[in-house]
Structure formats: C-alpha cells, structure tokens
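Enquirer: Contents are compact mmCIF, C-alpha atoms and all ligand atoms; file name final21.txt:
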```
# COMPACT_ATOMS: atom_id res chain seq x y z
CA MET A 45 -68.12 68.66 -20.73
CA GLN A 46 -64.85 70.19 -19.46
CA VAL A 47 -61.60 68.64 -20.70
CA SER A 48 -60.65 67.78 -17.08
CA ASP A 49 -63.94 65.84 -16.69
CA SER A 50 -63.18 63.92 -19.88
CA LEU A 51 -59.76 62.94 -18.58
CA ARG A 52 -61.16 61.77 -15.25
CA ILE A 53 -63.83 59.75 -17.00
CA LEU A 54 -61.18 58.10 -19.20
CA ARG A 55 -59.28 56.63 -16.26
CA SER A 56 -59.52 52.86 -15.71
CA ARG A 57 -60.25 51.40 -12.30
CA LYS A 58 -58.63 48.24 -11.05
CA ALA A 59 -60.85 45.16 -11.16
CA ILE A 60 -59.90 41.76 -9.75
CA VAL A 61 -61.18 38.66 -11.51
CA VAL A 62 -62.87 36.56 -8.85
CA ARG A 63 -64.48 33.89 -11.05
CA VAL A 64 -64.30 32.68 -14.63
CA VAL A 65 -67.03 30.53 -16.24
CA ASP A 66 -66.68 28.79 -19.61
CA GLU A 67 -69.92 29.54 -21.43
CA ALA A 68 -69.42 28.30 -24.99
CA PRO A 69 -66.52 27.87 -27.43
CA ALA A 70 -64.35 31.02 -27.09
CA VAL A 71 -66.82 32.66 -24.69
CA LYS A 72 -66.25 33.18 -20.97
CA THR A 73 -67.96 35.11 -18.22
CA PHE A 74 -65.72 37.05 -15.85
CA THR A 75 -66.89 38.08 -12.42
CA LEU A 76 -64.99 41.19 -11.35
CA ARG A 77 -64.61 42.92 -8.02
CA ILE A 78 -64.14 46.68 -8.08
CA GLU A 79 -63.39 48.70 -4.95
CA GLY A 80 -66.14 51.18 -4.11
CA GLU A 81 -69.31 51.88 -6.05
CA HIS A 82 -69.81 51.08 -9.70
CA ASP A 83 -73.33 52.09 -10.62
CA ILE A 84 -73.89 50.35 -13.94
CA LYS A 85 -77.33 49.55 -15.38
CA PRO A 86 -78.63 46.86 -17.76
CA GLY A 87 -77.67 47.75 -21.34
CA GLN A 88 -74.72 49.95 -20.33
CA PHE A 89 -71.15 48.87 -20.98
CA ASN A 90 -67.65 49.20 -19.59
CA MET A 91 -64.40 49.52 -21.51
CA ILE A 92 -62.43 46.50 -20.30
CA TYR A 93 -58.68 46.93 -20.47
CA TYR A 94 -56.09 44.17 -20.57
CA TRP A 95 -52.82 45.68 -19.41
CA GLY A 96 -50.47 46.48 -22.25
CA ILE A 97 -52.89 45.21 -24.92
CA GLY A 98 -55.86 47.55 -25.07
CA GLU A 99 -59.53 48.06 -24.36
CA ALA A 100 -62.81 46.66 -25.66
CA PRO A 101 -66.39 47.75 -24.92
CA ILE A 102 -68.20 44.94 -23.08
CA SER A 103 -71.78 45.03 -21.84
CA LEU A 104 -72.91 44.40 -18.31
CA ALA A 105 -73.94 40.74 -18.13
CA ASN A 106 -75.58 40.56 -14.70
CA LEU A 107 -76.97 42.97 -12.13
CA PRO A 108 -74.19 44.55 -10.06
CA VAL A 109 -74.01 43.46 -6.42
CA ARG A 110 -72.62 45.59 -3.57
CA SER A 111 -70.44 43.47 -1.32
CA GLY A 112 -68.76 45.17 1.64
CA GLY A 113 -66.93 48.14 0.19
CA SER A 114 -66.83 46.64 -3.32
CA THR A 115 -69.07 46.10 -6.32
CA ILE A 116 -69.26 42.75 -8.05
CA ILE A 117 -70.04 42.83 -11.78
CA GLU A 118 -70.06 40.28 -14.58
CA HIS A 119 -69.00 40.57 -18.20
CA THR A 120 -69.29 37.88 -20.86
CA VAL A 121 -66.55 38.07 -23.48
CA ARG A 122 -66.33 36.38 -26.86
CA SER A 123 -62.95 36.10 -28.48
CA THR A 124 -62.94 38.03 -31.77
CA GLY A 125 -59.63 39.89 -31.94
CA ILE A 126 -56.58 41.12 -30.10
CA VAL A 127 -58.10 42.39 -26.84
CA THR A 128 -60.87 39.83 -26.44
CA ASN A 129 -58.52 36.93 -27.37
CA THR A 130 -56.07 38.05 -24.72
CA ILE A 131 -58.75 38.38 -22.05
CA ILE A 132 -60.15 34.93 -22.89
CA GLU A 133 -56.73 33.29 -22.99
CA LYS A 134 -54.95 35.03 -20.14
CA ALA A 135 -57.38 36.41 -17.56
CA ARG A 136 -58.01 34.01 -14.68
CA THR A 137 -59.01 34.17 -11.03
CA GLY A 138 -56.76 36.74 -9.38
CA SER A 139 -55.92 38.59 -12.61
CA ILE A 140 -56.29 42.34 -12.71
CA LEU A 141 -58.21 44.06 -15.50
CA GLY A 142 -58.94 47.75 -16.05
CA VAL A 143 -62.56 48.88 -16.04
CA ARG A 144 -63.57 52.25 -17.44
CA GLY A 145 -67.21 53.23 -17.32
CA PRO A 146 -70.11 52.79 -17.03
CA TYR A 147 -70.98 54.26 -20.40
CA GLY A 148 -73.96 54.59 -22.67
CA LYS A 149 -77.69 54.49 -22.34
CA GLY A 150 -79.19 51.19 -21.31
CA TRP A 151 -82.59 49.50 -21.69
CA PRO A 152 -85.31 51.92 -20.50
CA LEU A 153 -86.81 49.48 -17.98
CA ASP A 154 -88.24 52.25 -15.76
CA LYS A 155 -90.15 53.73 -18.69
CA HIS A 156 -91.68 50.35 -19.54
CA GLU A 157 -93.27 49.43 -16.23
CA ASN A 158 -96.77 47.93 -16.67
CA MET A 159 -95.98 46.83 -20.21
CA ASN A 160 -95.34 43.42 -21.77
CA ILE A 161 -91.72 42.89 -22.76
CA VAL A 162 -90.51 40.64 -25.59
CA ILE A 163 -86.80 39.87 -25.38
CA VAL A 164 -85.20 38.64 -28.59
CA ALA A 165 -81.58 37.54 -28.28
CA GLY A 166 -79.20 35.88 -30.71
CA GLY A 167 -75.94 34.20 -29.64
CA ILE A 168 -73.82 36.41 -27.43
CA GLY A 169 -76.64 38.98 -27.67
CA LEU A 170 -78.13 37.38 -24.57
CA ALA A 171 -75.30 38.90 -22.48
CA PRO A 172 -76.64 42.51 -22.43
CA LEU A 173 -80.18 41.17 -21.94
CA ARG A 174 -79.38 38.86 -19.03
CA PRO A 175 -79.43 41.73 -16.48
CA VAL A 176 -82.82 42.71 -17.92
CA ILE A 177 -84.12 39.20 -17.18
CA LYS A 178 -82.63 39.33 -13.67
CA TYR A 179 -84.13 42.77 -13.05
CA ILE A 180 -87.58 41.64 -14.19
CA GLU A 181 -87.32 38.52 -12.01
CA LYS A 182 -86.50 40.74 -8.99
CA ASN A 183 -89.24 43.23 -9.84
CA ARG A 184 -91.77 40.83 -11.33
CA GLY A 185 -94.81 42.86 -10.21
CA LYS A 186 -93.73 45.90 -12.26
CA TYR A 187 -94.12 44.22 -15.66
CA ARG A 188 -96.85 42.24 -17.41
CA ASP A 189 -96.25 39.28 -19.73
CA ILE A 190 -92.65 38.54 -20.62
CA TYR A 191 -91.35 36.55 -23.57
CA ILE A 192 -87.74 35.44 -23.85
CA LEU A 193 -86.82 34.30 -27.36
CA TYR A 194 -83.25 33.07 -27.46
CA GLY A 195 -81.43 31.35 -30.28
CA ALA A 196 -77.89 30.35 -31.15
CA ARG A 197 -76.16 28.54 -33.99
CA THR A 198 -76.14 25.32 -31.96
CA PRO A 199 -77.18 24.52 -28.37
CA THR A 200 -73.47 24.40 -27.47
CA ASP A 201 -73.15 28.05 -28.48
CA MET A 202 -75.82 29.15 -26.02
CA LEU A 203 -74.81 31.24 -23.04
CA TYR A 204 -75.81 30.63 -19.40
CA LYS A 205 -76.95 27.05 -20.11
CA TYR A 206 -76.79 26.40 -16.35
CA GLU A 207 -79.59 28.91 -15.69
CA LEU A 208 -81.77 28.84 -18.82
CA ASP A 209 -84.10 26.32 -17.12
CA ASN A 210 -84.71 28.87 -14.34
CA TYR A 211 -86.10 31.38 -16.84
CA PHE A 212 -88.95 28.94 -17.59
CA LYS A 213 -89.88 29.03 -13.88
CA ILE A 214 -90.29 32.81 -13.54
CA PRO A 215 -94.04 33.45 -13.23
CA GLY A 216 -95.60 34.95 -16.34
CA VAL A 217 -92.48 34.41 -18.42
CA LYS A 218 -92.64 32.36 -21.62
CA VAL A 219 -89.33 31.12 -22.97
CA MET A 220 -88.76 29.93 -26.53
CA LEU A 221 -85.37 28.57 -27.55
CA SER A 222 -84.00 27.88 -31.00
CA SER A 223 -80.99 26.28 -32.59
CA ASP A 224 -80.12 27.20 -36.18
CA VAL A 225 -79.18 23.61 -36.89
CA ARG A 226 -80.74 20.30 -35.87
CA VAL A 227 -78.77 18.59 -33.11
CA GLU A 228 -79.52 15.25 -31.51
CA GLY A 229 -81.39 15.66 -28.23
CA TRP A 230 -82.56 19.22 -28.97
CA SER A 231 -86.27 19.42 -28.14
CA HIS A 232 -86.83 23.10 -28.95
CA TYR A 233 -87.28 24.93 -32.24
CA VAL A 234 -84.87 24.39 -35.13
CA GLY A 235 -84.41 27.51 -37.23
CA PHE A 236 -83.75 31.19 -36.68
CA VAL A 237 -84.77 32.84 -33.42
CA THR A 238 -86.58 35.52 -35.39
CA ASP A 239 -89.04 32.85 -36.66
CA LEU A 240 -90.32 32.60 -33.08
CA VAL A 241 -91.69 36.14 -33.13
CA LYS A 242 -94.79 34.86 -34.94
CA ASN A 243 -95.65 32.71 -31.88
CA ILE A 244 -95.89 35.53 -29.34
CA GLU A 245 -99.38 36.48 -28.18
CA VAL A 246 -99.45 40.06 -26.92
CA LYS A 247 -101.20 43.28 -27.78
CA PRO A 248 -98.45 45.13 -29.69
CA GLU A 249 -99.64 48.54 -28.47
CA GLU A 250 -98.99 47.41 -24.86
CA THR A 251 -95.67 45.74 -25.59
CA VAL A 252 -92.03 46.70 -26.05
CA SER A 253 -89.31 44.53 -27.50
CA TYR A 254 -85.63 44.49 -26.55
CA VAL A 255 -83.45 42.98 -29.27
CA CYS A 256 -79.74 42.14 -29.30
CA GLY A 257 -77.69 39.92 -31.56
CA PRO A 258 -75.80 40.05 -34.84
CA GLU A 259 -76.99 43.03 -36.87
CA VAL A 260 -78.52 40.86 -39.59
CA MET A 261 -80.58 39.07 -36.94
CA MET A 262 -81.73 42.41 -35.48
CA ARG A 263 -82.86 43.62 -38.90
CA VAL A 264 -84.93 40.47 -39.42
CA ALA A 265 -86.31 40.73 -35.87
CA VAL A 266 -87.41 44.30 -36.60
CA ARG A 267 -89.23 43.12 -39.75
CA ARG A 268 -91.02 40.35 -37.86
CA LEU A 269 -92.00 42.65 -34.99
CA LEU A 270 -93.32 45.29 -37.38
CA GLU A 271 -95.34 42.57 -39.17
CA LYS A 272 -96.81 41.71 -35.74
CA GLY A 273 -97.95 45.31 -35.37
CA PHE A 274 -95.25 46.61 -33.03
CA ARG A 275 -94.69 50.36 -33.07
CA LYS A 276 -91.27 51.45 -34.30
CA GLU A 277 -90.69 53.41 -31.09
CA ASN A 278 -91.40 50.26 -29.02
CA ILE A 279 -88.63 48.20 -30.59
CA TYR A 280 -85.24 48.73 -28.89
CA LEU A 281 -81.96 47.54 -30.37
CA SER A 282 -78.51 47.36 -28.80
CA LEU A 283 -76.11 48.37 -31.56
CA GLU A 284 -72.46 47.48 -31.83
CA ARG A 285 -69.84 49.67 -33.47
CA ARG A 286 -66.09 49.86 -33.06
CA MET A 287 -65.33 52.48 -30.42
CA ARG A 288 -62.39 53.97 -28.61
CA CYS A 289 -63.16 56.73 -26.13
CA GLY A 290 -66.66 55.68 -25.02
CA ILE A 291 -67.71 59.26 -24.34
CA GLY A 292 -68.52 60.71 -27.75
CA LEU A 293 -65.24 62.50 -28.38
CA CYS A 294 -63.24 60.39 -30.82
CA GLY A 295 -66.02 59.78 -33.36
CA THR A 296 -65.03 56.17 -34.06
CA CYS A 297 -68.54 54.84 -33.37
CA GLN A 298 -70.46 57.42 -35.41
CA PHE A 299 -73.72 56.00 -36.69
CA GLY A 300 -75.48 58.57 -38.83
CA HIS A 301 -75.66 61.61 -36.58
CA TYR A 302 -75.37 59.52 -33.41
CA PHE A 303 -72.44 58.29 -31.38
CA VAL A 304 -73.25 54.69 -30.43
CA CYS A 305 -71.17 55.00 -27.22
CA LYS A 306 -72.99 58.05 -25.86
CA ASP A 307 -76.40 58.19 -27.55
CA GLY A 308 -76.74 54.35 -27.45
CA PRO A 309 -75.85 51.55 -27.55
CA VAL A 310 -79.58 51.00 -26.95
CA PHE A 311 -81.74 52.91 -29.44
CA PRO A 312 -85.42 52.78 -30.33
CA TYR A 313 -85.74 51.57 -33.90
CA SER A 314 -87.66 54.74 -34.76
CA GLU A 315 -84.44 56.75 -34.14
CA VAL A 316 -82.07 54.61 -36.19
CA GLU A 317 -84.22 53.16 -38.98
CA ASP A 318 -82.81 55.57 -41.57
CA TYR A 319 -79.28 54.33 -40.91
CA LEU A 320 -79.83 50.68 -40.02
CA TRP A 321 -80.48 49.60 -43.58
CA ILE A 322 -77.44 51.39 -45.07
CA GLU A 323 -74.53 48.98 -45.33
CA GLY A 324 -71.31 50.22 -43.75
CA VAL A 325 -72.79 53.01 -41.63
C1 LIG B 401 -71.59 48.73 -26.76
C2 LIG B 401 -70.89 47.44 -27.06
C3 LIG B 401 -71.07 46.37 -26.21
C4 LIG B 401 -70.42 45.15 -26.47
N1 LIG B 401 -70.60 44.12 -25.60
C5 LIG B 401 -69.91 42.97 -25.80
C6 LIG B 401 -70.03 41.90 -24.85
O1 LIG B 401 -70.77 41.97 -23.86
N2 LIG B 401 -69.28 40.79 -25.07
C7 LIG B 401 -68.45 40.67 -26.18
O2 LIG B 401 -67.79 39.65 -26.32
N3 LIG B 401 -68.34 41.67 -27.09
C8 LIG B 401 -69.03 42.80 -26.91
N4 LIG B 401 -68.90 43.83 -27.82
C9 LIG B 401 -67.99 43.62 -28.98
C10 LIG B 401 -66.56 43.81 -28.55
O3 LIG B 401 -66.39 45.11 -28.07
C11 LIG B 401 -65.62 43.57 -29.75
O4 LIG B 401 -65.67 42.21 -30.09
C12 LIG B 401 -64.21 43.96 -29.37
O5 LIG B 401 -64.11 45.36 -29.20
C13 LIG B 401 -63.23 43.52 -30.41
O6 LIG B 401 -61.97 43.99 -30.00
P1 LIG B 401 -60.66 43.11 -30.18
O7 LIG B 401 -59.50 43.94 -29.87
O8 LIG B 401 -60.80 41.83 -29.42
O9 LIG B 401 -60.75 42.72 -31.68
P2 LIG B 401 -60.06 43.46 -32.94
O10 LIG B 401 -58.63 43.02 -33.02
O11 LIG B 401 -60.32 44.92 -32.86
O12 LIG B 401 -60.87 42.78 -34.12
C14 LIG B 401 -62.22 42.32 -33.97
C15 LIG B 401 -62.78 41.97 -35.33
O13 LIG B 401 -63.06 43.17 -36.02
C16 LIG B 401 -62.33 43.19 -37.24
N5 LIG B 401 -61.83 44.55 -37.40
C17 LIG B 401 -60.67 45.05 -36.99
N6 LIG B 401 -60.57 46.34 -37.32
C18 LIG B 401 -61.72 46.66 -37.96
C19 LIG B 401 -62.24 47.86 -38.53
N7 LIG B 401 -61.55 49.01 -38.52
N8 LIG B 401 -63.47 47.82 -39.06
C20 LIG B 401 -64.19 46.69 -39.09
N9 LIG B 401 -63.75 45.54 -38.55
C21 LIG B 401 -62.54 45.52 -38.01
C22 LIG B 401 -61.24 42.21 -37.08
O14 LIG B 401 -60.85 41.69 -38.34
C23 LIG B 401 -61.87 41.16 -36.21
O15 LIG B 401 -62.65 40.29 -36.96
C24 LIG B 401 -69.57 45.02 -27.61
C25 LIG B 401 -69.40 46.12 -28.46
C26 LIG B 401 -70.06 47.30 -28.20
C27 LIG B 401 -69.86 48.46 -29.12
```
Output the structure of this file as structure tokens.

Expert:
Amino acid sequence: MQVSDSLRILRSRKAIVVRVVDEAPAVKTFTLRIEGEHDIKPGQFNMIYYWGIGEAPISLANLPVRSGGSTIIEHTVRSTGIVTNTIIEKARTGSILGVRGPYGKGWPLDKHENMNIVIVAGGIGLAPLRPVIKYIEKNRGKYRDIYILYGARTPTDMLYKYELDNYFKIPGVKVMLSSDVRVEGWSHYVGFVTDLVKNIEVKPEETVSYVCGPEVMMRVAVRRLLEKGFRKENIYLSLERRMRCGIGLCGTCQFGHYFVCKDGPVFPYSEVEDYLWIEGV
C-alpha cells in the first residue's frame, strides 16, 4: 500500500446520528447516515470517532441500507472507557460522529452457502452477528438449518429485545436463549450460552459456527463445538484487541503473527488456535 493510500483510508467521514435506541444498561444502538456509499459487510467494523475525544472500533450491527444518496448503518456501543462513554453519554439524534472504514474481514457468508450455520453469541457479541441473522433472513434459500444461541448475564442485558421474538419466526431457524442467572419470568435456559451447544442437532461436517462474545466464552464455545465434532476450520471467531490505525500499520492489535484489524477480526479457529490459549497475546 502506498503512503498516500494509507492517509486517504485514515480519513473520517461525517455521519449524522438519526436514531438512538437504548438496548441495555450502558448499551445503545446508533443509526447513522453517511453521504454516499459505504459498502460495509457483516463482521466488518468502522472506527467511530467522537470529535475531540478519539476513536473506537465498532462492528456493523445491521445490514447497511442505501437511502437516496446516503447509506444508513447501525452500530451498537457499550460504554467501557473514554470514547465509548462519551458516545453513549453525549451522542444523540442530530449529533455528528466520524466514521472511518469499513475495515477487516467479515463472516464468510458467501463461502458457506448450502451449509448449516450455528450462531453462538454472548452479551454484546450479538451485535456483529445481527447483520448475519438479517442477511440469512433475506437470503433464506441459500442456507440450510440455522441455530441462534444467545445468552447474556441477565435478560435485561440482552440486545435487540424488541426483535428477538422475530428470530423464532424465521423458517428453519431454531433459537435458544440463556440467562446466566435465574430471573423471575424467564422461561428459557438458565446457565451459560455455551451449555446450549450440546442441544444442537446438525451434521458437524456440513455445519459452520460463528461465535462472538467475551473471549472466555468463545474459548468454552470452541471446546463444546469441538466435542460435538465440528472441524476447527469451520468454527469462526470474531476477536477483539485494542487497535488504533485499523489498517495493519501501527501494530497495536498484533495477535501472534496476525493483525486483528486487517487479517480479522473474524478468524477460523484453525488459524488462531495456537495463540488463543496464551494469556495476554
Ligand atoms: C473489531 C472490533 C469490533 C468491536 N465492536 C464493538 C461493538 O460493536 N460494540 C462495542 O461496544 N464495542 C466493540 N468493540 C470494543 C470497543 O472497541 C472497545 O470497547 C473500545 O475501543 C474501548 O475504547 P474506549 O476509549 O471507550 O475505552 P478505553 O478508555 O480505551 O478503555 C476500555 C477498557 O480497556 C481498559 N484498557 C485501557 N487501556 C488498556 C490497555 N492498554 N490494555 C488493556 N486494557 C486497557 C480500560 O481500563 C477499560 O476497562 C470492538 C472492538 C474490536 C477490536
């Protein structure tokens, strides 16, 4: 890549917040309008910039929609530190954010046509997988059986509560929900989402799994999927590392010999297994 290309790719575009939805404590979804095209795919991310504060990598949380001369995208943000706190506290309808991207490699949905897909999401990990669900719903004929396993600490912590019921209605889609703790009125599973893997009924050799959540949850999910007979190369994980440039130059997000920003964030387990079990990598 030429230096001039890098500089162009590092420039933020103006995005106007057109809607804000409260999802869960300290989690909001922002609908943004960007002038012109913004061709971002499920599993890719943008660097979202709050003026004067800084940037944070945030995954695409819904399929992009072209509207007139603009593109409408959604990002779900959880408040964890300086940038995300500021976005959650200050950004409202009419606010302007910077959007730099799209970056990274997303979920290889094209490669997995005619396969079963098992989605395993923990907490805010449903955000990068929501566009996958929307894509499958739109292109239902391209995929076989679909499982959506989604768990959170409590039902209140779940994202997109207003549309979870719709997932149950997509033909050929089985949804299993879990809450880590027992809560009055909760009729689904109580325990970790990874426990639900044992209930899926698919031929592992015809199935891929897309996993996103806290890293400890992803490690357990991998174990459970391997126990079920899944091939290592059919288990995909969306990894999270601190990052700055987003284009593989600064080295902040190095993970073994990969840059999470450029080579990921979605990796087949077979590519990252050597590093995933080493603390601090
Ligand atoms: C590819 C990708 C996609 C992501 N998608 C989403 C998404 O869709 N939604 C979402 O909410 N988040 C997402 N994240 C996480 C999000 O980017 C981080 O929460 C955010 O960058 C934190 O920035 P901050 O300035 O708000 O917090 P910071 O102020 O940077 O701090 C965040 C936390 O990290 C700790 N910390 C600070 N510095 C370090 C350090 N050097 N090493 C280790 N820990 C440190 C802090 O103590 C604090 O607990 C994604 C991350 C990646 C890499």

Enquirer: Using only C-alpha atoms and all ligand atoms, what are the residues with an atom within 7 Å of ligand LIG 401 (chain B), set out as a list in words?

Expert: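 Within the 7 Å cut-off, the matching residues are Phe89, Glu99, Ala100, Pro101, Ile102, Ser103, Leu104, Ala105, His119, Thr120, Val121, Arg122, Ser123, Thr124, Gly125, Ile126, Val127, Thr128, Asn129, Ile168, Ala171, Pro172, Leu283, Glu284, Arg285, Arg286, Met287, Cys305 and Pro309 of chain A.
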
Enquirer: Using only C-alpha atoms, pick whichever of A:Leu170, A:Met220, A:Val61, A:Val225 has the shortest atom-to-atom distance to A:Pro86.

Expert: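 Distance minimum relative to A:Pro86 lands on A:Leu170.
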
Enquirer: Using atom CA of A:Val237 and atom CA of A:Ser222 as the two end points, give the distance in Å to one decimal.

Expert: 5.6 Å

Enquirer: Tell me which protein, DNA and RNA residues are within 10 Å of A:Asp154, counting only C-alpha atoms, leaving out same-chain ones fewer than 3 positions away, and put them as a list in words.

Expert: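 Final neighbour list, sorted by chain and number: Trp151, Glu157, Asn158, Lys186 and Tyr187 of chain A.
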
Enquirer: List every protein, DNA or RNA residue that has at least one atom no more than 10 Å from (-87.8, 40.6, -31.9) in the file's coordinates, counting only C-alpha atoms, and write the result as an mmCIF file with C-alpha atoms, in the coordinates of the input.

Expert:
```cif
data_model
loop_
_atom_site.group_PDB
_atom_site.id
_atom_site.type_symbol
_atom_site.label_atom_id
_atom_site.label_comp_id
_atom_site.auth_asym_id
_atom_site.auth_seq_id
_atom_site.Cartn_x
_atom_site.Cartn_y
_atom_site.Cartn_z
ATOM 1 C CA VAL A 162 -90.510 40.640 -25.590
ATOM 2 C CA ILE A 163 -86.800 39.870 -25.380
ATOM 3 C CA VAL A 164 -85.200 38.640 -28.590
ATOM 4 C CA ALA A 165 -81.580 37.540 -28.280
ATOM 5 C CA GLY A 166 -79.200 35.880 -30.710
ATOM 6 C CA TYR A 191 -91.350 36.550 -23.570
ATOM 7 C CA ILE A 192 -87.740 35.440 -23.850
ATOM 8 C CA LEU A 193 -86.820 34.300 -27.360
ATOM 9 C CA TYR A 194 -83.250 33.070 -27.460
ATOM 10 C CA VAL A 237 -84.770 32.840 -33.420
ATOM 11 C CA THR A 238 -86.580 35.520 -35.390
ATOM 12 C CA ASP A 239 -89.040 32.850 -36.660
ATOM 13 C CA LEU A 240 -90.320 32.600 -33.080
ATOM 14 C CA VAL A 241 -91.690 36.140 -33.130
ATOM 15 C CA LYS A 242 -94.790 34.860 -34.940
ATOM 16 C CA ILE A 244 -95.890 35.530 -29.340
ATOM 17 C CA VAL A 252 -92.030 46.700 -26.050
ATOM 18 C CA SER A 253 -89.310 44.530 -27.500
ATOM 19 C CA TYR A 254 -85.630 44.490 -26.550
ATOM 20 C CA VAL A 255 -83.450 42.980 -29.270
ATOM 21 C CA CYS A 256 -79.740 42.140 -29.300
ATOM 22 C CA MET A 261 -80.580 39.070 -36.940
ATOM 23 C CA MET A 262 -81.730 42.410 -35.480
ATOM 24 C CA ARG A 263 -82.860 43.620 -38.900
ATOM 25 C CA VAL A 264 -84.930 40.470 -39.420
ATOM 26 C CA ALA A 265 -86.310 40.730 -35.870
ATOM 27 C CA VAL A 266 -87.410 44.300 -36.600
ATOM 28 C CA ARG A 267 -89.230 43.120 -39.750
ATOM 29 C CA ARG A 268 -91.020 40.350 -37.860
ATOM 30 C CA LEU A 269 -92.000 42.650 -34.990
ATOM 31 C CA LEU A 270 -93.320 45.290 -37.380
ATOM 32 C CA LYS A 272 -96.810 41.710 -35.740
ATOM 33 C CA PHE A 274 -95.250 46.610 -33.030
ATOM 34 C CA ILE A 279 -88.630 48.200 -30.590
ATOM 35 C CA TYR A 280 -85.240 48.730 -28.890
ATOM 36 C CA LEU A 281 -81.960 47.540 -30.370
#
```

Enquirer: Do you know which residues are at most 12 Å from A:Arg110 counting all atoms listed in the file, after dropping those on the same chain fewer than 6 positions away, and could you put them as a list in words?

Expert: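 So the residues in contact are Leu76, Arg77, Ile78, Glu79, Gly80, Glu81, His82, Asp83, Ile84, Ile116 and Ile117 of chain A.
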
Enquirer: Could you check which of A:Gln298, A:Thr130, A:Arg288, A:Trp95 is closest to A:Tyr319, using all atoms listed in the file?

Expert: A:Gln298

Enquirer: Have a look at atom CA of A:Glu271 and atom CA of A:Gly308 and let me know their distance in Å, one decimal.

Expert: 24.9 Å

Enquirer: Have a look at A:Gly167, A:Met159, A:Ile214, A:Val64 and name the one nearest to A:Glu249; count only C-alpha atoms.

Expert: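 Closest to A:Glu249 of all the choices is A:Met159.
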
Enquirer: What is the atom CA of A:Arg144 to atom CA of A:Gly295 distance in Å?

Expert: 17.8 Å
